[in-house]
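Colleague: Dropping in input_0.pdb, with PDB, C-alpha atoms.
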```
ATOM      1  CA  MET A   1       0.000   0.000   0.000  1.00  0.00           C
ATOM      2  CA  GLU A   2       2.899   2.387   0.681  1.00  0.00           C
ATOM      3  CA  PHE A   3       3.892   2.180  -2.979  1.00  0.00           C
ATOM      4  CA  LEU A   4       0.395   3.333  -3.975  1.00  0.00           C
ATOM      5  CA  VAL A   5       0.550   6.142  -1.428  1.00  0.00           C
ATOM      6  CA  LYS A   6       3.861   7.374  -2.847  1.00  0.00           C
ATOM      7  CA  ARG A   7       2.390   7.329  -6.345  1.00  0.00           C
ATOM      8  CA  ALA A   8      -0.794   9.105  -5.197  1.00  0.00           C
ATOM      9  CA  LYS A   9       1.276  11.780  -3.461  1.00  0.00           C
ATOM     10  CA  GLY A  10       3.110  12.232  -6.731  1.00  0.00           C
ATOM     11  CA  GLY A  11      -0.169  13.019  -8.492  1.00  0.00           C
ATOM     12  CA  ASP A  12      -1.050   9.560  -9.865  1.00  0.00           C
ATOM     13  CA  ALA A  13      -4.873   9.565  -9.901  1.00  0.00           C
ATOM     14  CA  GLU A  14      -5.056   5.828 -10.678  1.00  0.00           C
ATOM     15  CA  ALA A  15      -3.003   5.034  -7.581  1.00  0.00           C
ATOM     16  CA  PHE A  16      -5.291   7.226  -5.480  1.00  0.00           C
ATOM     17  CA  ILE A  17      -8.383   5.494  -6.871  1.00  0.00           C
ATOM     18  CA  GLU A  18      -6.854   2.104  -6.072  1.00  0.00           C
ATOM     19  CA  LEU A  19      -6.155   3.234  -2.478  1.00  0.00           C
ATOM     20  CA  MET A  20      -9.764   4.311  -2.067  1.00  0.00           C
ATOM     21  CA  GLU A  21     -11.024   1.010  -3.504  1.00  0.00           C
ATOM     22  CA  GLN A  22      -8.836  -0.952  -1.100  1.00  0.00           C
ATOM     23  CA  ASN A  23     -10.215   1.006   1.855  1.00  0.00           C
ATOM     24  CA  LYS A  24     -13.862   1.344   0.784  1.00  0.00           C
ATOM     25  CA  GLN A  25     -15.199  -1.399   3.099  1.00  0.00           C
ATOM     26  CA  SER A  26     -13.286  -0.081   6.098  1.00  0.00           C
ATOM     27  CA  MET A  27     -14.559   3.425   5.476  1.00  0.00           C
ATOM     28  CA  TYR A  28     -18.134   2.174   5.164  1.00  0.00           C
ATOM     29  CA  ARG A  29     -17.972   0.224   8.434  1.00  0.00           C
ATOM     30  CA  VAL A  30     -16.584   3.184  10.370  1.00  0.00           C
ATOM     31  CA  ALA A  31     -19.058   5.670   8.873  1.00  0.00           C
ATOM     32  CA  LYS A  32     -21.985   3.303   9.467  1.00  0.00           C
ATOM     33  CA  GLY A  33     -20.947   3.116  13.101  1.00  0.00           C
ATOM     34  CA  PHE A  34     -21.283   6.868  13.448  1.00  0.00           C
ATOM     35  CA  LEU A  35     -24.198   7.697  11.176  1.00  0.00           C
ATOM     36  CA  ARG A  36     -27.752   6.382  11.018  1.00  0.00           C
ATOM     37  CA  ASN A  37     -28.651   6.261   7.348  1.00  0.00           C
ATOM     38  CA  GLU A  38     -27.034   5.222   4.098  1.00  0.00           C
ATOM     39  CA  GLU A  39     -27.226   8.687   2.546  1.00  0.00           C
ATOM     40  CA  ASP A  40     -25.234  10.199   5.404  1.00  0.00           C
ATOM     41  CA  VAL A  41     -22.703   7.370   5.198  1.00  0.00           C
ATOM     42  CA  ALA A  42     -22.286   7.955   1.455  1.00  0.00           C
ATOM     43  CA  ASP A  43     -21.918  11.714   2.001  1.00  0.00           C
ATOM     44  CA  ALA A  44     -19.268  11.240   4.702  1.00  0.00           C
ATOM     45  CA  MET A  45     -17.345   8.809   2.522  1.00  0.00           C
ATOM     46  CA  ALA A  46     -17.505  11.149  -0.475  1.00  0.00           C
ATOM     47  CA  GLU A  47     -16.300  14.095   1.605  1.00  0.00           C
ATOM     48  CA  THR A  48     -13.471  11.949   2.939  1.00  0.00           C
ATOM     49  CA  VAL A  49     -12.370  10.900  -0.538  1.00  0.00           C
ATOM     50  CA  LEU A  50     -12.369  14.524  -1.665  1.00  0.00           C
ATOM     51  CA  THR A  51     -10.443  15.722   1.384  1.00  0.00           C
ATOM     52  CA  CYS A  52      -7.898  12.927   1.043  1.00  0.00           C
ATOM     53  CA  TYR A  53      -7.417  13.691  -2.629  1.00  0.00           C
ATOM     54  CA  GLU A  54      -6.875  17.367  -1.938  1.00  0.00           C
ATOM     55  CA  LYS A  55      -4.502  16.790   0.987  1.00  0.00           C
ATOM     56  CA  VAL A  56      -2.704  13.523   0.206  1.00  0.00           C
ATOM     57  CA  ARG A  57       0.533  15.430  -0.416  1.00  0.00           C
ATOM     58  CA  THR A  58       0.464  16.651   3.209  1.00  0.00           C
ATOM     59  CA  LEU A  59       0.607  13.091   4.607  1.00  0.00           C
ATOM     60  CA  LYS A  60       3.900  12.843   6.464  1.00  0.00           C
ATOM     61  CA  GLN A  61       4.264   9.063   6.842  1.00  0.00           C
ATOM     62  CA  ASP A  62       3.046   6.910   3.983  1.00  0.00           C
ATOM     63  CA  ALA A  63       2.633   3.886   6.274  1.00  0.00           C
ATOM     64  CA  TYR A  64      -0.128   5.721   8.155  1.00  0.00           C
ATOM     65  CA  PHE A  65      -2.313   6.481   5.154  1.00  0.00           C
ATOM     66  CA  LYS A  66      -5.204   4.353   6.393  1.00  0.00           C
ATOM     67  CA  THR A  67      -5.042   5.824   9.896  1.00  0.00           C
ATOM     68  CA  TRP A  68      -4.959   9.323   8.417  1.00  0.00           C
ATOM     69  CA  MET A  69      -7.884   8.604   6.076  1.00  0.00           C
ATOM     70  CA  ILE A  70     -10.043   7.076   8.841  1.00  0.00           C
ATOM     71  CA  ARG A  71      -9.328  10.054  11.103  1.00  0.00           C
ATOM     72  CA  ILE A  72     -10.561  12.378   8.355  1.00  0.00           C
ATOM     73  CA  LEU A  73     -13.670  10.197   7.970  1.00  0.00           C
ATOM     74  CA  ILE A  74     -14.365  10.252  11.704  1.00  0.00           C
ATOM     75  CA  ASN A  75     -14.090  14.046  11.712  1.00  0.00           C
ATOM     76  CA  HIS A  76     -16.536  14.315   8.803  1.00  0.00           C
ATOM     77  CA  CYS A  77     -18.960  11.979  10.592  1.00  0.00           C
ATOM     78  CA  LYS A  78     -18.749  13.981  13.806  1.00  0.00           C
ATOM     79  CA  ASN A  79     -19.280  17.236  11.943  1.00  0.00           C
ATOM     80  CA  MET A  80     -22.341  15.806  10.195  1.00  0.00           C
ATOM     81  CA  ARG A  81     -23.810  14.697  13.520  1.00  0.00           C
ATOM     82  CA  LYS A  82     -23.248  18.137  15.019  1.00  0.00           C
ATOM     83  CA  THR A  83     -24.843  20.009  12.154  1.00  0.00           C
ATOM     84  CA  GLN A  84     -27.775  17.611  11.951  1.00  0.00           C
ATOM     85  CA  LYS A  85     -28.248  17.476  15.732  1.00  0.00           C
ATOM     86  CA  ARG A  86     -28.293  13.702  15.671  1.00  0.00           C
ATOM     87  CA  SER A  87     -27.364  11.246  18.302  1.00  0.00           C
ATOM     88  CA  VAL A  88     -24.399   8.948  18.044  1.00  0.00           C
ATOM     89  CA  PRO A  89     -23.176   5.458  17.697  1.00  0.00           C
ATOM     90  CA  VAL A  90     -21.522   2.209  18.336  1.00  0.00           C
ATOM     91  CA  GLU A  91     -20.009  -0.472  20.484  1.00  0.00           C
ATOM     92  CA  ASN A  92     -20.406  -3.475  22.636  1.00  0.00           C
ATOM     93  CA  VAL A  93     -18.856  -5.830  25.069  1.00  0.00           C
ATOM     94  CA  GLU A  94     -19.191  -9.461  24.158  1.00  0.00           C
ATOM     95  CA  GLY A  95     -20.184 -10.742  20.755  1.00  0.00           C
ATOM     96  CA  LEU A  96     -19.727  -7.331  19.217  1.00  0.00           C
ATOM     97  CA  GLU A  97     -18.696  -8.423  15.785  1.00  0.00           C
ATOM     98  CA  GLU A  98     -21.748 -10.655  15.411  1.00  0.00           C
ATOM     99  CA  ARG A  99     -24.028  -7.788  16.395  1.00  0.00           C
ATOM    100  CA  ALA A 100     -22.280  -5.238  14.217  1.00  0.00           C
ATOM    101  CA  SER A 101     -23.910  -6.244  10.960  1.00  0.00           C
ATOM    102  CA  GLY A 102     -27.340  -5.367   9.609  1.00  0.00           C
ATOM    103  CA  ASP A 103     -30.169  -5.078  12.101  1.00  0.00           C
ATOM    104  CA  GLY A 104     -27.819  -6.245  14.837  1.00  0.00           C
ATOM    105  CA  MET A 105     -26.128  -2.855  14.662  1.00  0.00           C
ATOM    106  CA  ARG A 106     -29.191  -1.255  16.214  1.00  0.00           C
ATOM    107  CA  GLY A 107     -28.943  -3.615  19.173  1.00  0.00           C
ATOM    108  CA  PHE A 108     -25.277  -2.860  19.461  1.00  0.00           C
ATOM    109  CA  LYS A 109     -25.898   0.876  19.481  1.00  0.00           C
ATOM    110  CA  GLU A 110     -28.537   0.431  22.172  1.00  0.00           C
ATOM    111  CA  LEU A 111     -26.127  -1.661  24.212  1.00  0.00           C
ATOM    112  CA  ILE A 112     -23.464   1.043  24.261  1.00  0.00           C
ATOM    113  CA  ASP A 113     -25.928   3.883  24.723  1.00  0.00           C
ATOM    114  CA  PRO A 114     -25.031   4.266  28.450  1.00  0.00           C
ATOM    115  CA  LEU A 115     -21.484   5.241  27.450  1.00  0.00           C
ATOM    116  CA  GLY A 116     -20.451   8.778  26.620  1.00  0.00           C
ATOM    117  CA  GLU A 117     -19.956   9.801  22.987  1.00  0.00           C
ATOM    118  CA  GLN A 118     -16.170   9.498  23.103  1.00  0.00           C
ATOM    119  CA  ASP A 119     -16.335   6.049  24.719  1.00  0.00           C
ATOM    120  CA  GLN A 120     -18.907   4.952  22.143  1.00  0.00           C
ATOM    121  CA  SER A 121     -16.472   5.990  19.435  1.00  0.00           C
ATOM    122  CA  ILE A 122     -13.648   4.047  21.085  1.00  0.00           C
ATOM    123  CA  PHE A 123     -15.826   0.963  21.441  1.00  0.00           C
ATOM    124  CA  THR A 124     -16.919   1.245  17.812  1.00  0.00           C
ATOM    125  CA  LEU A 125     -13.383   1.476  16.540  1.00  0.00           C
ATOM    126  CA  TYR A 126     -12.239  -1.392  18.739  1.00  0.00           C
ATOM    127  CA  TYR A 127     -15.094  -3.863  18.393  1.00  0.00           C
ATOM    128  CA  VAL A 128     -16.751  -3.028  15.103  1.00  0.00           C
ATOM    129  CA  TYR A 129     -13.789  -1.863  13.092  1.00  0.00           C
ATOM    130  CA  GLY A 130     -11.311  -4.184  14.823  1.00  0.00           C
ATOM    131  CA  MET A 131      -8.677  -1.537  15.439  1.00  0.00           C
ATOM    132  CA  LYS A 132      -5.873  -1.977  17.930  1.00  0.00           C
ATOM    133  CA  VAL A 133      -5.556   0.261  20.981  1.00  0.00           C
ATOM    134  CA  LYS A 134      -2.481   1.922  19.457  1.00  0.00           C
ATOM    135  CA  GLU A 135      -4.382   2.781  16.266  1.00  0.00           C
ATOM    136  CA  ILE A 136      -7.351   4.129  18.205  1.00  0.00           C
ATOM    137  CA  ALA A 137      -5.020   6.287  20.284  1.00  0.00           C
ATOM    138  CA  ALA A 138      -3.589   7.768  17.086  1.00  0.00           C
ATOM    139  CA  TYR A 139      -7.071   8.370  15.589  1.00  0.00           C
ATOM    140  CA  MET A 140      -8.493   9.874  18.738  1.00  0.00           C
ATOM    141  CA  GLU A 141      -5.316  11.786  19.569  1.00  0.00           C
ATOM    142  CA  MET A 142      -5.018  10.370  23.064  1.00  0.00           C
ATOM    143  CA  LYS A 143      -2.613   8.146  24.986  1.00  0.00           C
ATOM    144  CA  GLU A 144      -2.787   4.377  24.610  1.00  0.00           C
ATOM    145  CA  ASN A 145      -3.283   3.997  28.368  1.00  0.00           C
ATOM    146  CA  THR A 146      -6.286   6.317  28.192  1.00  0.00           C
ATOM    147  CA  VAL A 147      -7.866   4.228  25.434  1.00  0.00           C
ATOM    148  CA  SER A 148      -7.215   0.999  27.389  1.00  0.00           C
ATOM    149  CA  THR A 149      -8.675   2.502  30.556  1.00  0.00           C
ATOM    150  CA  ARG A 150     -11.788   3.744  28.727  1.00  0.00           C
ATOM    151  CA  LEU A 151     -12.309   0.306  27.174  1.00  0.00           C
ATOM    152  CA  ARG A 152     -11.970  -1.396  30.569  1.00  0.00           C
ATOM    153  CA  ARG A 153     -14.273   1.060  32.361  1.00  0.00           C
ATOM    154  CA  GLY A 154     -16.780   0.933  29.515  1.00  0.00           C
ATOM    155  CA  ARG A 155     -16.886  -2.871  29.716  1.00  0.00           C
ATOM    156  CA  GLU A 156     -17.436  -2.645  33.472  1.00  0.00           C
ATOM    157  CA  THR A 157     -20.246  -0.132  32.966  1.00  0.00           C
ATOM    158  CA  LEU A 158     -21.906  -2.285  30.338  1.00  0.00           C
ATOM    159  CA  ARG A 159     -21.539  -5.466  32.389  1.00  0.00           C
ATOM    160  CA  GLY A 160     -23.062  -3.687  35.380  1.00  0.00           C
ATOM    161  CA  GLY A 161     -25.976  -2.456  33.276  1.00  0.00           C
ATOM    162  CA  MET A 162     -26.547  -5.929  31.821  1.00  0.00           C
ATOM    163  CA  ALA A 163     -26.520  -7.470  35.294  1.00  0.00           C
ATOM    164  CA  ASP A 164     -29.020  -4.866  36.536  1.00  0.00           C
ATOM    165  CA  SER A 165     -31.365  -5.511  33.602  1.00  0.00           C
ATOM    166  CA  ARG A 166     -31.236  -9.256  34.254  1.00  0.00           C
ATOM    167  CA  LYS A 167     -32.224  -8.676  37.886  1.00  0.00           C
ATOM    168  CA  THR A 168     -35.122  -6.420  36.997  1.00  0.00           C
ATOM    169  CA  GLY A 169     -36.126  -8.639  34.090  1.00  0.00           C
ATOM    170  CA  GLY A 170     -37.003 -11.423  36.460  1.00  0.00           C
ATOM    171  CA  ARG A 171     -34.078 -13.580  35.538  1.00  0.00           C
TER     172      ARG A 171
END
```
Kindly return the structure encoded in the file as structure tokens.
Modeller:
Amino acid sequence: MEFLVKRAKGGDAEAFIELMEQNKQSMYRVAKGFLRNEEDVADAMAETVLTCYEKVRTLKQDAYFKTWMIRILINHCKNMRKTQKRSVPVENVEGLEERASGDGMRGFKELIDPLGEQDQSIFTLYYVYGMKVKEIAAYMEMKENTVSTRLRRGRETLRGGMADSRKTGGR
């Protein structure tokens, strides 16, 4: 991928298109985690492609192209949510990946609803997108220990909420 990035930075449009094709699924999954409908997802992805195309020459380390691109996408998604006054998105504790597709995504979003927006984003990136703590720290511009702590505390919060609902549910 670094070879394609070098070519894209040099102005090779075909290389840039290939980079976007290679990352299309990843972009969709992240955007879907933040936004509610397909039109918004498509808009965020389109804005990201445009921004990346315009700024690819500013990328300092070619190896971090994907991280850079996803960070741009996350920013576009957050901006869309702010301007549309919508609520946010994604994450889970156990069995996240199974829940993260199709209608299961709604259940996943409901599960992580007790978490704050930033923690929901961290959970989404970790469980839905499958990113490592180090990558999330780079995307979110925070320390790795902070990301790890938020994941641990979020899991504890969600486990506590699940245990409470089982008690009140007559189980």
Colleague: Rank nothing, just name the residue among A:Cys52, A:Val30, A:Leu158, A:Ala44 nearest to Met131 in chain A, using only C-alpha atoms.
Modeller: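 Among the listed residues, A:Val30 lies closest to Met131 in chain A.
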Colleague: I need the residue nearest Gln120 in chain A from this list: A:Gly33, A:Val133, A:Arg159, A:Thr51. Use all atoms listed in the file for the distance.
Modeller: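 Going through A:Gly33, A:Val133, A:Arg159, A:Thr51 one by one, the smallest distance to Gln120 in chain A is for A:Gly33.
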Colleague: Expanded to explicit residues, what is the PyMOL selection byres ((chain A and resi 62) around 8) for this file, as a ChimeraX atom specification?
Modeller: /A:2,5-6,59-61,63-65
Colleague: Run the PyMOL selection byres ((chain A and resi 137) around 12) on the file and write out the hits as a PyMOL selection string.
Modeller: chain A and resi 67+71+118+121-122+125-126+131-136+138-151
Colleague: For Gly160 in chain A, which of A:Arg36, A:Tyr127, A:Asp119, A:Leu111 is the closest residue, counting all atoms listed in the file?
Modeller: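 Closest to Gly160 in chain A, using all atoms listed in the file: A:Leu111.
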Colleague: For CA of Ala15 in chain A and CA of Thr124 in chain A, quote the distance in Å rounded to one decimal.
Modeller: 29.2 Å
Colleague: Taking into account all atoms listed in the file, which residue in the set A:Arg57, A:Arg81, A:Arg7, A:Lys66 is nearest to Asn23 in chain A?
Modeller: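 Among the listed residues, the smallest separation from Asn23 in chain A belongs to A:Lys66.
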Colleague: Would you mind completing range 10-24 of chain A to N, CA, C and O atoms and writing the output as a short mmCIF file (atom, residue, chain, number, x, y, z; two decimals), keeping the file's coordinate frame?
Modeller:
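Output contents, as saved in result_27.cif:
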```cif
data_model
loop_
_atom_site.label_atom_id
_atom_site.label_comp_id
_atom_site.auth_asym_id
_atom_site.auth_seq_id
_atom_site.Cartn_x
_atom_site.Cartn_y
_atom_site.Cartn_z
N GLY A 10 2.45 11.68 -5.56
CA GLY A 10 3.11 12.23 -6.73
C GLY A 10 2.14 12.69 -7.81
O GLY A 10 2.55 13.12 -8.88
N GLY A 11 0.83 12.55 -7.55
CA GLY A 11 -0.17 13.02 -8.49
C GLY A 11 -0.79 11.94 -9.36
O GLY A 11 -1.56 12.25 -10.28
N ASP A 12 -0.50 10.67 -9.08
CA ASP A 12 -1.05 9.56 -9.86
C ASP A 12 -2.50 9.29 -9.42
O ASP A 12 -2.74 8.70 -8.36
N ALA A 13 -3.46 9.71 -10.24
CA ALA A 13 -4.87 9.56 -9.90
C ALA A 13 -5.28 8.10 -9.83
O ALA A 13 -6.10 7.72 -8.98
N GLU A 14 -4.72 7.27 -10.69
CA GLU A 14 -5.06 5.83 -10.68
C GLU A 14 -4.63 5.18 -9.36
O GLU A 14 -5.35 4.35 -8.81
N ALA A 15 -3.48 5.56 -8.86
CA ALA A 15 -3.00 5.03 -7.58
C ALA A 15 -3.94 5.47 -6.46
O ALA A 15 -4.27 4.69 -5.56
N PHE A 16 -4.37 6.73 -6.50
CA PHE A 16 -5.29 7.23 -5.48
C PHE A 16 -6.61 6.46 -5.53
O PHE A 16 -7.14 6.06 -4.48
N ILE A 17 -7.13 6.24 -6.72
CA ILE A 17 -8.38 5.49 -6.87
C ILE A 17 -8.22 4.08 -6.32
O ILE A 17 -9.11 3.58 -5.60
N GLU A 18 -7.11 3.45 -6.59
CA GLU A 18 -6.85 2.10 -6.07
C GLU A 18 -6.81 2.10 -4.54
O GLU A 18 -7.34 1.21 -3.89
N LEU A 19 -6.18 3.12 -3.95
CA LEU A 19 -6.16 3.23 -2.48
C LEU A 19 -7.57 3.33 -1.91
O LEU A 19 -7.91 2.69 -0.91
N MET A 20 -8.39 4.14 -2.53
CA MET A 20 -9.76 4.31 -2.07
C MET A 20 -10.55 3.01 -2.21
O MET A 20 -11.32 2.64 -1.33
N GLU A 21 -10.35 2.30 -3.31
CA GLU A 21 -11.02 1.01 -3.50
C GLU A 21 -10.62 0.01 -2.43
O GLU A 21 -11.45 -0.72 -1.90
N GLN A 22 -9.34 -0.03 -2.11
CA GLN A 22 -8.84 -0.95 -1.10
C GLN A 22 -9.41 -0.65 0.29
O GLN A 22 -9.53 -1.54 1.11
N ASN A 23 -9.76 0.59 0.52
CA ASN A 23 -10.22 1.01 1.86
C ASN A 23 -11.72 1.28 1.93
O ASN A 23 -12.21 1.71 2.97
N LYS A 24 -12.43 1.03 0.86
CA LYS A 24 -13.86 1.34 0.78
C LYS A 24 -14.67 0.64 1.88
O LYS A 24 -15.48 1.27 2.55
#
```
